[in-house]
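Colleague: Contents of run04.cif (mmCIF, C-alpha atoms) are below:
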data_my_file
#
loop_
_atom_site.label_atom_id
_atom_site.label_comp_id
_atom_site.auth_asym_id
_atom_site.auth_seq_id
_atom_site.Cartn_x
_atom_site.Cartn_y
_atom_site.Cartn_z
CA MET H 1 156.56 110.19 105.40
CA SER H 2 153.34 108.40 106.17
CA CYS H 3 150.24 108.97 104.07
CA ALA H 4 146.77 109.16 105.59
CA TRP H 5 145.51 106.67 103.00
CA SER H 6 147.89 103.98 104.25
CA ALA H 7 145.36 103.07 106.95
CA LYS H 8 143.10 101.70 104.21
CA ILE H 9 145.66 99.43 102.59
CA ASP H 10 144.92 96.38 104.73
CA GLN H 11 141.20 96.61 104.00
CA TYR H 12 141.96 97.18 100.32
CA LEU H 13 144.05 94.00 100.15
CA ASP H 14 141.53 92.08 102.27
CA SER H 15 138.69 93.05 99.87
CA GLU H 16 136.84 94.67 102.76
CA LEU H 17 136.18 98.07 101.17
CA ALA H 18 132.91 99.08 99.56
CA ASP H 19 133.15 99.52 95.80
CA ALA H 20 133.33 103.34 95.87
CA GLU H 21 136.00 103.38 98.54
CA TRP H 22 137.92 100.61 96.83
CA THR H 23 138.00 102.68 93.63
CA GLU H 24 139.27 105.72 95.56
CA VAL H 25 142.06 103.78 97.24
CA HIS H 26 142.92 102.04 93.98
CA ALA H 27 143.26 105.40 92.21
CA HIS H 28 145.34 106.78 95.06
CA LEU H 29 147.74 103.84 94.88
CA HIS H 30 148.58 104.77 91.32
CA ALA H 31 149.64 108.23 92.46
CA CYS H 32 151.39 107.60 95.78
CA GLU H 33 154.79 105.92 95.86
CA SER H 34 154.67 105.58 99.62
CA CYS H 35 151.38 103.71 99.57
CA ILE H 36 152.25 101.50 96.62
CA ALA H 37 155.46 100.45 98.42
CA GLN H 38 153.46 99.62 101.53
CA MET H 39 150.83 97.80 99.51
CA LEU H 40 153.47 95.59 97.91
CA GLU H 41 155.09 94.86 101.25
CA ARG H 42 151.78 93.95 102.85
CA LEU H 43 150.75 91.86 99.88
CA GLN H 44 154.02 89.97 100.14
CA LEU H 45 153.42 89.32 103.83
CA LYS H 46 149.84 88.12 103.23
CA GLN H 47 151.07 85.69 100.60
CA ALA H 48 153.91 84.54 102.84
CA VAL H 49 151.49 83.81 105.71
CA LYS H 50 149.25 81.88 103.33
CA ASP H 51 152.24 79.82 102.20
CA ALA H 52 153.74 79.30 105.66
CA GLY H 53 150.46 78.82 107.58
CA PRO H 54 149.77 75.16 106.69
CA ARG H 55 152.39 73.77 109.06
CA TYR H 56 150.88 71.11 111.27
CA LEU H 57 149.38 67.82 110.08
CA ALA H 58 147.17 65.64 112.19
CA ASN H 59 148.22 62.01 112.10
CA PRO H 60 145.76 59.48 110.62
CA GLU H 61 145.31 57.67 113.95
CA PHE H 62 144.09 60.88 115.54
CA ARG H 63 141.57 61.44 112.75
CA LEU H 64 140.20 57.95 113.29
CA LYS H 65 140.03 58.61 117.01
CA VAL H 66 137.91 61.72 116.44
CA GLU H 67 135.62 59.89 114.04
CA ARG H 68 135.16 57.12 116.59
CA SER H 69 134.51 59.57 119.39
CA VAL H 70 131.73 61.17 117.35
CA GLU H 71 130.29 57.73 116.60
CA THR H 72 130.44 56.90 120.31
CA GLY H 73 128.60 60.13 120.94
CA VAL H 74 125.81 58.89 118.65
CA LYS H 75 125.49 55.58 120.50
CA GLY H 76 125.53 57.37 123.84
CA ARG H 77 122.59 59.49 122.74
CA ILE H 78 120.49 56.78 121.15
CA PHE H 79 118.77 56.02 124.44
CA ARG H 80 118.15 59.64 125.15
CA ALA H 81 115.53 61.62 123.27
CA PRO H 82 115.42 63.00 120.73
CA LEU H 83 116.74 60.06 118.75
CA VAL H 84 116.15 61.56 115.31
CA ALA H 85 117.88 64.80 116.18
CA GLY H 86 120.88 62.92 117.58
CA ILE H 87 121.27 60.76 114.49
CA ALA H 88 120.81 63.75 112.20
CA ALA H 89 123.44 65.73 114.07
CA ALA H 90 125.88 62.83 114.04
CA ALA H 91 125.26 62.17 110.37
CA ALA H 92 125.91 65.83 109.57
CA LEU H 93 129.14 65.82 111.51
CA LEU H 94 130.32 62.56 109.98
CA VAL H 95 129.59 63.92 106.53
CA PHE H 96 131.44 67.06 107.55
CA ILE H 97 134.48 65.09 108.72
CA GLY H 98 134.40 62.98 105.55
CA PHE H 99 134.14 66.09 103.42
CA SER H 100 136.99 67.66 105.38
CA LEU H 101 139.23 64.69 104.73
CA HIS H 102 138.30 64.74 101.07
CA SER H 103 139.01 68.48 100.90
CA ALA H 104 142.44 67.97 102.42
CA LYS H 105 143.25 65.36 99.78
CA THR H 106 142.09 67.51 96.87
CA LYS H 107 143.59 70.77 98.14
CA ALA H 108 146.72 70.41 96.06
CA GLY H 109 144.78 68.95 93.15
CA ASP H 110 142.67 72.00 92.33
CA PHE H 111 145.58 74.35 91.84
CA ALA H 112 147.54 71.63 90.07
CA GLU H 113 144.70 71.21 87.61
CA LEU H 114 144.75 74.91 86.71
CA ALA H 115 148.54 74.95 86.50
CA ASP H 116 148.34 71.95 84.17
CA LEU H 117 145.81 73.75 81.96
CA HIS H 118 148.13 76.76 81.79
CA ALA H 119 151.16 74.58 81.05
CA SER H 120 149.30 72.61 78.37
CA ALA H 121 148.27 75.85 76.65
CA LEU H 122 151.89 77.03 76.61
CA ALA H 123 153.06 73.70 75.22
CA SER H 124 150.50 73.68 72.44
CA ALA H 125 151.11 74.98 68.93
CA ASN H 126 147.62 76.51 69.18
CA PRO H 127 147.38 77.69 72.77
CA VAL H 128 144.05 79.49 72.30
CA ASP H 129 140.91 78.87 70.24
CA VAL H 130 140.09 82.51 69.65
CA VAL H 131 143.17 84.48 68.64
CA SER H 132 142.77 88.21 69.11
CA ASP H 133 144.14 91.10 71.14
CA ASP H 134 140.75 92.79 70.94
CA ARG H 135 138.63 92.23 74.04
CA HIS H 136 135.52 93.06 72.02
CA THR H 137 136.24 90.04 69.85
CA VAL H 138 137.30 87.64 72.60
CA LYS H 139 134.50 88.33 75.09
CA PRO H 140 131.59 87.57 72.69
CA TRP H 141 133.33 84.38 71.58
CA PHE H 142 132.72 82.93 75.06
CA GLU H 143 128.99 83.66 75.05
CA SER H 144 128.03 80.25 73.74
CA LYS H 145 130.92 78.43 75.42
CA VAL H 146 130.46 79.14 79.14
CA PRO H 147 127.26 79.59 81.20
CA PHE H 148 128.26 82.97 82.64
CA ALA H 149 129.35 86.42 81.48
CA PHE H 150 132.41 88.42 82.48
CA ASN H 151 134.17 91.67 81.55
CA LEU H 152 137.64 91.89 80.06
CA PRO H 153 139.86 94.80 81.10
CA GLU H 154 141.21 97.62 78.96
CA LEU H 155 144.94 96.92 78.64
CA ARG H 156 146.06 99.94 76.61
CA ASP H 157 148.16 101.49 79.41
CA SER H 158 149.28 98.26 81.01
CA ALA H 159 152.21 95.89 80.49
CA PHE H 160 149.88 93.11 79.37
CA VAL H 161 148.65 92.11 75.92
CA LEU H 162 145.65 89.87 75.32
CA ILE H 163 146.63 86.85 73.21
CA GLY H 164 143.24 85.13 73.13
CA GLY H 165 141.15 82.59 74.94
CA ARG H 166 139.80 79.09 75.00
CA SER H 167 137.05 77.18 76.74
CA VAL H 168 138.27 74.43 79.07
CA TYR H 169 136.85 72.24 81.82
CA PHE H 170 137.94 72.66 85.42
CA GLY H 171 136.52 70.31 88.02
CA GLN H 172 134.16 68.97 85.33
CA SER H 173 132.63 72.43 84.82
CA PRO H 174 133.05 74.96 81.98
CA CYS H 175 135.80 77.48 82.55
CA ALA H 176 137.06 80.42 80.49
CA GLN H 177 140.82 80.62 80.06
CA LEU H 178 142.27 83.93 78.87
CA LEU H 179 145.90 84.04 77.86
CA PHE H 180 147.96 87.24 78.25
CA GLY H 181 151.51 88.13 77.35
CA SER H 182 153.89 90.47 79.13
CA SER H 183 157.38 90.61 77.64
CA LYS H 184 158.39 86.91 77.46
CA HIS H 185 155.96 85.83 80.15
CA ARG H 186 152.60 84.18 79.58
CA VAL H 187 149.80 84.41 82.13
CA SER H 188 146.44 82.65 82.20
CA VAL H 189 143.33 84.00 83.86
CA PHE H 190 140.77 81.31 84.63
CA ILE H 191 137.17 82.28 85.27
CA PHE H 192 134.58 79.82 86.52
CA GLN H 193 131.50 79.62 88.69
CA ASN H 194 132.44 79.62 92.36
CA ARG H 195 131.03 76.50 93.94
CA GLY H 196 132.81 77.17 97.23
CA THR H 197 134.58 73.83 97.17
CA GLN H 198 137.56 74.62 95.00
CA ASP H 199 140.82 75.39 96.74
CA THR H 200 142.85 77.15 94.08
CA ARG H 201 145.72 78.22 96.30
CA SER H 202 149.17 77.17 95.15
CA VAL H 203 150.79 74.63 97.44
CA PRO H 204 154.38 75.21 98.57
CA GLY H 205 156.63 72.28 97.83
CA ASN H 206 154.48 71.12 94.95
CA SER H 207 156.44 70.67 91.73
CA ILE H 208 154.05 72.95 89.89
CA ALA H 209 154.41 75.68 92.50
CA THR H 210 156.91 77.41 90.22
CA PHE H 211 153.79 79.17 88.94
CA GLY H 212 152.46 81.95 91.12
CA SER H 213 148.77 82.55 91.52
CA GLU H 214 146.25 85.14 92.63
CA THR H 215 142.59 84.47 93.34
CA TRP H 216 139.51 86.56 93.92
CA ASP H 217 135.74 86.17 93.81
CA HIS H 218 133.17 88.51 92.32
CA GLY H 219 129.53 88.10 91.44
CA GLY H 220 129.50 84.36 91.95
CA LEU H 221 132.58 83.86 89.78
CA ARG H 222 136.09 82.92 90.84
CA TYR H 223 139.06 84.42 89.03
CA VAL H 224 142.43 82.72 89.23
CA VAL H 225 145.56 84.24 87.70
CA VAL H 226 148.35 81.74 87.01
CA GLY H 227 151.74 82.55 85.53
CA ASP H 228 155.46 82.60 85.95
CA MET H 229 155.63 86.30 86.83
CA GLY H 230 156.20 87.80 90.28
CA LEU H 231 153.20 88.13 92.55
CA PRO H 232 153.03 91.95 92.26
CA ASP H 233 152.72 91.58 88.46
CA LEU H 234 150.05 88.90 88.79
CA HIS H 235 148.27 91.12 91.28
CA ARG H 236 148.36 94.01 88.77
CA LEU H 237 146.58 91.89 86.19
CA MET H 238 144.09 90.77 88.80
CA GLU H 239 143.39 94.41 89.70
CA LEU H 240 142.69 95.19 86.04
CA PHE H 241 140.10 92.41 85.97
CA ARG H 242 138.68 93.62 89.22
CA ALA H 243 138.29 97.14 87.89
CA ALA H 244 136.62 95.77 84.75
CA ALA H 245 134.22 93.67 86.83
CA ASN H 246 133.28 96.69 88.93
CA SER H 247 132.83 99.00 85.95
CA MET V 1 138.34 71.44 107.22
CA PHE V 2 139.56 68.82 109.71
CA ALA V 3 143.13 69.46 108.60
CA ALA V 4 142.64 73.24 108.74
CA LEU V 5 141.07 73.04 112.21
CA TYR V 6 143.93 70.91 113.48
CA ASN V 7 146.51 73.26 111.95
CA PHE V 8 144.80 76.26 113.58
CA ALA V 9 144.58 74.45 116.93
CA HIS V 10 148.28 73.65 116.81
CA TRP V 11 149.11 77.26 115.99
CA LEU V 12 147.10 78.35 119.04
CA THR V 13 148.42 75.79 121.50
CA GLN V 14 151.94 75.27 120.12
CA SER V 15 151.66 71.65 121.25
CA ARG V 16 150.64 68.48 119.39
CA GLU V 17 149.01 66.91 122.43
CA GLU V 18 147.05 70.00 123.36
CA ALA V 19 146.02 70.55 119.72
CA GLU V 20 144.66 66.99 119.55
CA ASP V 21 142.74 67.45 122.80
CA LEU V 22 141.39 70.74 121.53
CA VAL V 23 140.22 69.36 118.18
CA GLN V 24 138.63 66.29 119.75
CA GLU V 25 136.79 68.38 122.33
CA THR V 26 135.68 70.78 119.59
CA TYR V 27 134.10 67.97 117.56
CA LEU V 28 132.37 66.54 120.62
CA LYS V 29 131.03 69.95 121.59
CA ALA V 30 129.94 70.52 117.99
CA PHE V 31 128.08 67.22 118.09
CA LYS V 32 126.43 67.91 121.43
CA GLY V 33 125.56 71.47 120.50
CA PHE V 34 124.61 70.85 116.90
CA SER V 35 121.07 71.99 117.56
CA SER V 36 122.44 75.47 118.33
CA PHE V 37 123.78 75.79 114.80
CA GLN V 38 121.50 77.99 112.72
CA PRO V 39 121.06 76.59 109.20
CA GLY V 40 122.02 79.20 106.66
CA THR V 41 124.70 80.73 108.86
CA ASN V 42 128.39 80.12 108.44
CA PHE V 43 129.20 76.58 109.61
CA ARG V 44 132.94 77.18 109.43
CA ALA V 45 132.76 80.29 111.63
CA TRP V 46 130.55 78.33 114.05
CA ILE V 47 132.97 75.44 114.51
CA TYR V 48 136.01 77.73 114.68
CA ARG V 49 134.21 79.66 117.38
CA ILE V 50 133.71 76.47 119.38
CA LEU V 51 137.38 75.62 118.97
CA ARG V 52 138.51 79.07 119.97
CA ASN V 53 136.25 79.22 123.04
CA THR V 54 137.44 75.76 124.06
CA PHE V 55 141.02 76.94 123.67
CA LEU V 56 140.41 79.95 125.92
CA THR V 57 139.36 77.67 128.79
CA SER V 58 142.13 75.13 128.19
CA ARG V 59 145.43 75.07 130.04
CA ALA V 60 147.27 76.50 127.02
CA GLY V 61 144.62 79.19 126.56
CA LEU V 62 144.68 80.20 130.20
CA HIS V 63 148.47 80.35 130.06
CA ALA V 64 148.31 82.56 126.97
CA ARG V 65 145.84 84.90 128.63
CA MET V 66 147.90 85.08 131.84
CA THR V 67 151.14 85.87 130.08
CA GLU V 68 149.91 88.41 127.57
CA PRO V 69 149.17 92.02 128.38
CA LEU V 70 145.43 92.46 128.79
CA ASP V 71 145.50 96.01 127.52
CA GLU V 72 144.93 96.02 123.75
CA GLU V 73 146.98 99.18 123.47
CA SER V 74 150.03 98.12 125.39
CA GLY V 75 153.26 97.04 123.92
CA TRP V 76 152.29 96.21 120.38
CA ILE V 77 151.80 99.56 118.69
CA LEU V 78 154.85 99.72 116.54
CA SER V 79 155.95 102.54 114.35
CA GLU V 80 154.79 102.44 110.75
CA THR V 81 157.45 102.72 108.08
CA PRO V 82 155.73 103.46 104.81
CA GLU V 83 158.74 103.47 102.54
CA SER V 84 160.35 100.30 103.77
CA ARG V 85 160.07 96.99 101.96
CA LEU V 86 161.36 93.60 102.80
CA ALA V 87 164.67 93.24 101.03
CA ALA V 88 164.32 89.64 99.98
CA ARG V 89 161.61 87.05 99.51
CA LEU V 90 160.40 86.09 102.93
CA ASP V 91 161.60 82.77 104.18
CA ARG V 92 158.88 80.33 105.23
CA ARG V 93 160.62 79.55 108.50
CA LEU V 94 161.06 83.25 109.30
CA ILE V 95 157.35 83.79 108.80
CA GLN V 96 156.48 80.85 111.04
CA ASN V 97 158.82 82.12 113.76
CA ALA V 98 157.33 85.59 113.51
CA LEU V 99 153.81 84.17 113.81
CA GLU V 100 154.82 82.07 116.82
CA ARG V 101 156.17 85.10 118.62
CA LEU V 102 152.96 87.08 118.20
CA PRO V 103 150.50 87.15 121.10
CA VAL V 104 147.66 84.70 120.43
CA ARG V 105 145.08 87.44 119.83
CA TYR V 106 147.11 88.76 116.89
CA ARG V 107 148.20 85.34 115.63
CA GLU V 108 144.64 84.05 115.46
CA VAL V 109 143.22 86.98 113.46
CA ILE V 110 146.07 86.86 110.96
CA LEU V 111 145.63 83.10 110.47
CA LEU V 112 141.85 83.35 110.16
CA ARG V 113 142.16 86.12 107.55
CA ASP V 114 145.25 85.23 105.52
CA LEU V 115 145.24 81.44 105.81
CA GLU V 116 141.55 80.58 106.28
CA GLU V 117 140.45 83.57 104.17
CA MET V 118 137.55 84.45 106.46
CA ASN V 119 136.07 87.89 105.99
CA TYR V 120 136.14 90.40 108.84
CA GLN V 121 132.53 89.73 109.85
CA ASP V 122 133.08 85.97 110.14
CA ILE V 123 136.24 86.56 112.16
CA ALA V 124 134.31 88.90 114.45
CA ASN V 125 131.63 86.22 114.88
CA THR V 126 134.26 83.54 115.52
CA LEU V 127 136.11 85.56 118.13
CA ASP V 128 132.99 87.22 119.53
CA VAL V 129 134.48 90.70 119.24
CA PRO V 130 133.39 93.82 117.30
CA ILE V 131 134.57 94.10 113.71
CA GLY V 132 136.62 97.17 114.66
CA THR V 133 138.61 95.03 117.08
CA VAL V 134 139.31 92.55 114.28
CA MET V 135 140.64 95.37 112.10
CA ALA V 136 142.74 96.83 114.92
CA ARG V 137 144.23 93.45 115.84
CA LEU V 138 144.98 92.66 112.21
CA SER V 139 146.72 95.97 111.76
CA ARG V 140 148.77 95.68 114.94
CA GLY V 141 149.62 92.04 114.38
CA ARG V 142 150.76 92.59 110.82
CA THR V 143 152.77 95.64 111.84
CA ALA V 144 154.44 93.61 114.58
CA MET V 145 155.25 90.84 112.08
CA ARG V 146 156.75 93.29 109.61
CA GLU V 147 158.88 94.82 112.36
CA GLN V 148 160.13 91.39 113.39
CA LEU V 149 160.91 90.42 109.81
CA ARG V 150 162.73 93.65 109.10
CA ALA V 151 164.89 93.06 112.14
CA LYS V 152 165.65 89.51 110.97
CA THR V 153 166.28 90.30 107.32
CA GLY V 154 168.14 93.52 108.00
CA GLY V 155 165.55 95.51 106.06
CA GLY V 156 166.05 99.20 106.65
CA ARG V 157 163.51 101.83 107.45
CA GLY V 158 162.87 104.36 104.81
#
Just give me the structure of the file as structure tokens.

Modeller:
Amino acid sequence: MSCAWSAKIDQYLDSELADAEWTEVHAHLHACESCIAQMLERLQLKQAVKDAGPRYLANPEFRLKVERSVETGVKGRIFRAPLVAGIAAAAALLVFIGFSLHSAKTKAGDFAELADLHASALASANPVDVVSDDRHTVKPWFESKVPFAFNLPELRDSAFVLIGGRSVYFGQSPCAQLLFGSSKHRVSVFIFQNRGTQDTRSVPGNSIATFGSETWDHGGLRYVVVGDMGLPDLHRLMELFRAAANS
Amino acid sequence: MFAALYNFAHWLTQSREEAEDLVQETYLKAFKGFSSFQPGTNFRAWIYRILRNTFLTSRAGLHARMTEPLDEESGWILSETPESRLAARLDRRLIQNALERLPVRYREVILLRDLEEMNYQDIANTLDVPIGTVMARLSRGRTAMREQLRAKTGGGRG
């Protein structure tokens, strides 16, 4: 049987609901088996499209050809006014192309860096610097360590336990790493200031892609969940953070 | 973004040669029309919009428009099956095949949202359609994909 709320699931997963409506749908999902099943199916499809979408690569010769064609465009315009505007436009586009190429090269690197931070924590005898399952102890510890504030979720009725946290650097900027346990699994939540240039998606085929990840942005911060659990479980932890951030 | 633009162009045209022509023309148009870009607005949505409009007037775009039903409501409203779930982890190739088989207007919104992670408003600006149309196309496109995948993976209904 279909539920009237199911029409909101796509917007819920796409983060396109206003806070009040998001809270309503979120509460409904906890009570409706039909909708939670649909939500999981749709989430799985979204993730699968994200993984399968990067399919076609431009060859390097073609990239050079485009760069040259833009340069030629500059020369063609030099003798036509306005010269300054033409050069400025060309410079902006060349910077844009250069930035694009750089972004493509670093795409895999950003997620790999977070996965490495998670793996290094797991491999360490002292994976966290503040050891506590009390969010009211862990949260204040970060106050002098990172230049931003965040809320930690209440985990009493969840499958997750807070292990602690540590301050790390991601992309040469301060980043909070929270470590959680769930049965034998360990999951890290990374929180850092969103500069709009980080691509924290996991990359299929990468050796570190055995870790799943979930990402969302709120209040100028980016949250990335990394762990060896299934995506629905990672999503559950992400939703707890989301609820805490909206509270 | 060059790589993402090329990937999107190839998804639209389904041809390497036509994707290259499309990307090159997009950059040239972006250069020539750079003065029309409003600083402070979304540069990515602006350049995707140029690419998409260029595609619509290209041979591949005209072919896509000629061979797809013009009526938004026809053919692609598929029954919803709330209880069903995909039985197994979705295969990358299956997903790509399902995307390929979608009409372009559904394929493009799904790629802009789930791959490029544009919000609905930016997609609406890119495609020059109302935000309600973005939501409707996303819903229908995703439903069509799920139906295709269920048929391929033998996932049952209910």

Colleague: Of the residues V:Phe31, V:Trp11, V:Phe43, V:Tyr6, which is the one nearest to Val109 (chain V), using all atoms listed in the file?

Modeller: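 When distances to Val109 (chain V) are compared using all atoms listed in the file, the smallest one comes from V:Trp11.
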
Colleague: Taking (153.8, 93.7, 78.2) in the coordinates of the supplied file, I want to know which residues reach to within 8 Å of it, counting all atoms listed in the file; could you give the answer as a PyMOL selection string?

Modeller: chain H and resi 158-161+181-183

Colleague: Give me the residues within 9 Å of region 140-142 of chain H as a PyMOL selection string, counting only C-alpha atoms and dropping any in the same chain fewer than 6 places off.

Modeller: chain H and resi 130+148-149+165-167+176

Colleague: What would the selection look like, as a PDB file with C-alpha atoms, keeping the file's coordinate frame, if the PyMOL selection byres ((chain V and resi 111) around 9) were run on the coordinates I just shared?

Modeller:
ATOM      1  CA  VAL H  49     151.490  83.810 105.710  1.00  0.00           C
ATOM      2  CA  LYS H  50     149.250  81.880 103.330  1.00  0.00           C
ATOM      3  CA  GLY H  53     150.460  78.820 107.580  1.00  0.00           C
TER       4      GLY H  53
ATOM      5  CA  PHE V   8     144.800  76.260 113.580  1.00  0.00           C
ATOM      6  CA  TRP V  11     149.110  77.260 115.990  1.00  0.00           C
ATOM      7  CA  LEU V  99     153.810  84.170 113.810  1.00  0.00           C
ATOM      8  CA  TYR V 106     147.110  88.760 116.890  1.00  0.00           C
ATOM      9  CA  ARG V 107     148.200  85.340 115.630  1.00  0.00           C
ATOM     10  CA  GLU V 108     144.640  84.050 115.460  1.00  0.00           C
ATOM     11  CA  VAL V 109     143.220  86.980 113.460  1.00  0.00           C
ATOM     12  CA  ILE V 110     146.070  86.860 110.960  1.00  0.00           C
ATOM     13  CA  LEU V 112     141.850  83.350 110.160  1.00  0.00           C
ATOM     14  CA  ARG V 113     142.160  86.120 107.550  1.00  0.00           C
ATOM     15  CA  ASP V 114     145.250  85.230 105.520  1.00  0.00           C
ATOM     16  CA  LEU V 115     145.240  81.440 105.810  1.00  0.00           C
ATOM     17  CA  GLU V 116     141.550  80.580 106.280  1.00  0.00           C
ATOM     18  CA  GLU V 117     140.450  83.570 104.170  1.00  0.00           C
TER      19      GLU V 117
END

Colleague: Expressed in Å to a single decimal, how great is the separation between CA of Leu56 (chain V) and CA of Ile95 (chain V)?

Modeller: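 Taking CA of Leu56 (chain V) as the start and CA of Ile95 (chain V) as the end point, the length is 24.4 Å.
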
Colleague: List the spatial neighbours of Ala60 (chain V) as a list in words - criterion: any atom at most 8 Å away, only C-alpha atoms, same-chain residues fewer than 4 positions off excluded.

Modeller: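 Near neighbours after the sequence-gap exclusion: Thr13, Glu18, Phe55, Leu56 and Ala64 of chain V.
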
Colleague: When the PyMOL selection byres ((chain H and resi 187) around 6) is applied to the structure above, which residues does it catch, written out as a ChimeraX atom specification?

Modeller: /H:179-180,186,188,226-227

Colleague: With C-alpha atoms retained, write the just-selected residues as a PDB file, in the coordinates of the input.

Modeller:
ATOM      1  CA  LEU H 179     145.900  84.040  77.860  1.00  0.00           C
ATOM      2  CA  PHE H 180     147.960  87.240  78.250  1.00  0.00           C
ATOM      3  CA  ARG H 186     152.600  84.180  79.580  1.00  0.00           C
ATOM      4  CA  SER H 188     146.440  82.650  82.200  1.00  0.00           C
ATOM      5  CA  VAL H 226     148.350  81.740  87.010  1.00  0.00           C
ATOM      6  CA  GLY H 227     151.740  82.550  85.530  1.00  0.00           C
TER       7      GLY H 227
END

Colleague: Evaluate the PyMOL selection byres ((chain H and resi 193) around 8) and record the selected residues as an NGL selection string, following the chain and residue labels used in the document.

Modeller: :H and (148 or 175 or 191-192 or 194-195 or 220-222)

Colleague: Using all atoms listed in the file, which residues sit within 12 Å of Ile131 (chain V) once same-chain residues fewer than 3 positions away are excluded, as a PyMOL selection string?

Modeller: (chain H and resi 16) or (chain V and resi 109+119-128+134-138)

Colleague: Compare H:Thr215, H:Asn126, H:Ser34, H:Ser69 by their minimum atom-to-atom distance to Leu114 (chain H), counting only C-alpha atoms, and give me the closest one.

Modeller: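 The closest residue to Leu114 (chain H) is H:Thr215.
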
Colleague: Quick one, how far is CA of Asp133 (chain H) from CA of Ile163 (chain H)?

Modeller: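 We find that CA of Asp133 (chain H) and CA of Ile163 (chain H) lie 5.3 Å from each other.
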
Colleague: Distance CA of Ala3 (chain V)-CA of Glu61 (chain H), one decimal place?

Modeller: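 Rounded to one decimal, the two atoms are 13.1 Å apart.
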
Colleague: Go through V:Thr133, V:Asn53, V:Asn42, V:Thr143 and flag the residue nearest chain H, using only C-alpha atoms for the distances.

Modeller: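 That would be V:Thr143, the residue with the smallest distance to chain H.
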
Colleague: For region 213-218 of chain H, I'd like the enclosing box, axis-aligned and padded by 3 Å on every side, reported as AutoDock Vina command-line options with centre and edge lengths in Å to one decimal.

Modeller:
--center_x 141.0 --center_y 85.5 --center_z 92.7 --size_x 21.6 --size_y 12.0 --size_z 8.4

Colleague: Report as a ChimeraX atom specification all protein, DNA and RNA residues lying within 12 Å of region 20-33 of chain H, evaluated on all atoms listed in the file, omitting residues in the same chain fewer than 3 positions from it.

Modeller: /H:1-17,36-40,236,239-240,242-247 /V:82-84

Colleague: So which one's closest to chain H, V:Arg49, V:Leu149, V:Arg44, V:Gln96? Using all atoms listed in the file, please.

Modeller: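 Checking each of V:Arg49, V:Leu149, V:Arg44, V:Gln96 against chain H, counting all atoms listed in the file, the winner is V:Gln96.
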
Colleague: Ranking H:Val128, H:Val146, H:Val189, H:Leu231 by minimum distance to chain V and counting all atoms listed in the file, which one comes first?

Modeller: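 For chain V, the nearest of the given residues is H:Leu231.
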
Colleague: Taking into account all atoms listed in the file, which residue in the set H:Leu57, H:Val225, H:Val131, H:Leu178 is nearest to chain V?

Modeller: H:Leu57

Colleague: For region 101-112 of chain V, supply N, CA and C atoms and report the output as a PDB file, in the frame of the given file.

Modeller:
ATOM      1  N   ARG V 101     155.823  84.112 117.590  1.00  0.00           N
ATOM      2  CA  ARG V 101     156.170  85.100 118.620  1.00  0.00           C
ATOM      3  C   ARG V 101     155.054  86.110 118.873  1.00  0.00           C
ATOM      4  N   LEU V 102     154.062  86.141 117.989  1.00  0.00           N
ATOM      5  CA  LEU V 102     152.960  87.080 118.200  1.00  0.00           C
ATOM      6  C   LEU V 102     152.081  86.621 119.361  1.00  0.00           C
ATOM      7  N   PRO V 103     151.533  87.545 120.124  1.00  0.00           N
ATOM      8  CA  PRO V 103     150.500  87.150 121.100  1.00  0.00           C
ATOM      9  C   PRO V 103     149.358  86.457 120.376  1.00  0.00           C
ATOM     10  N   VAL V 104     148.705  85.524 121.062  1.00  0.00           N
ATOM     11  CA  VAL V 104     147.660  84.700 120.430  1.00  0.00           C
ATOM     12  C   VAL V 104     146.590  85.558 119.754  1.00  0.00           C
ATOM     13  N   ARG V 105     146.209  86.675 120.389  1.00  0.00           N
ATOM     14  CA  ARG V 105     145.080  87.440 119.830  1.00  0.00           C
ATOM     15  C   ARG V 105     145.422  88.042 118.471  1.00  0.00           C
ATOM     16  N   TYR V 106     146.714  88.277 118.215  1.00  0.00           N
ATOM     17  CA  TYR V 106     147.110  88.760 116.890  1.00  0.00           C
ATOM     18  C   TYR V 106     147.325  87.591 115.933  1.00  0.00           C
ATOM     19  N   ARG V 107     147.932  86.521 116.470  1.00  0.00           N
ATOM     20  CA  ARG V 107     148.200  85.340 115.630  1.00  0.00           C
ATOM     21  C   ARG V 107     146.898  84.781 115.072  1.00  0.00           C
ATOM     22  N   GLU V 108     145.881  84.694 115.908  1.00  0.00           N
ATOM     23  CA  GLU V 108     144.640  84.050 115.460  1.00  0.00           C
ATOM     24  C   GLU V 108     143.928  84.865 114.379  1.00  0.00           C
ATOM     25  N   VAL V 109     143.919  86.207 114.507  1.00  0.00           N
ATOM     26  CA  VAL V 109     143.220  86.980 113.460  1.00  0.00           C
ATOM     27  C   VAL V 109     143.959  86.920 112.130  1.00  0.00           C
ATOM     28  N   ILE V 110     145.289  86.934 112.207  1.00  0.00           N
ATOM     29  CA  ILE V 110     146.070  86.860 110.960  1.00  0.00           C
ATOM     30  C   ILE V 110     145.854  85.509 110.282  1.00  0.00           C
ATOM     31  N   LEU V 111     145.842  84.432 111.063  1.00  0.00           N
ATOM     32  CA  LEU V 111     145.630  83.100 110.470  1.00  0.00           C
ATOM     33  C   LEU V 111     144.216  82.959 109.921  1.00  0.00           C
ATOM     34  N   LEU V 112     143.228  83.479 110.647  1.00  0.00           N
ATOM     35  CA  LEU V 112     141.850  83.350 110.160  1.00  0.00           C
ATOM     36  C   LEU V 112     141.652  84.148 108.875  1.00  0.00           C
TER      37      LEU V 112
END
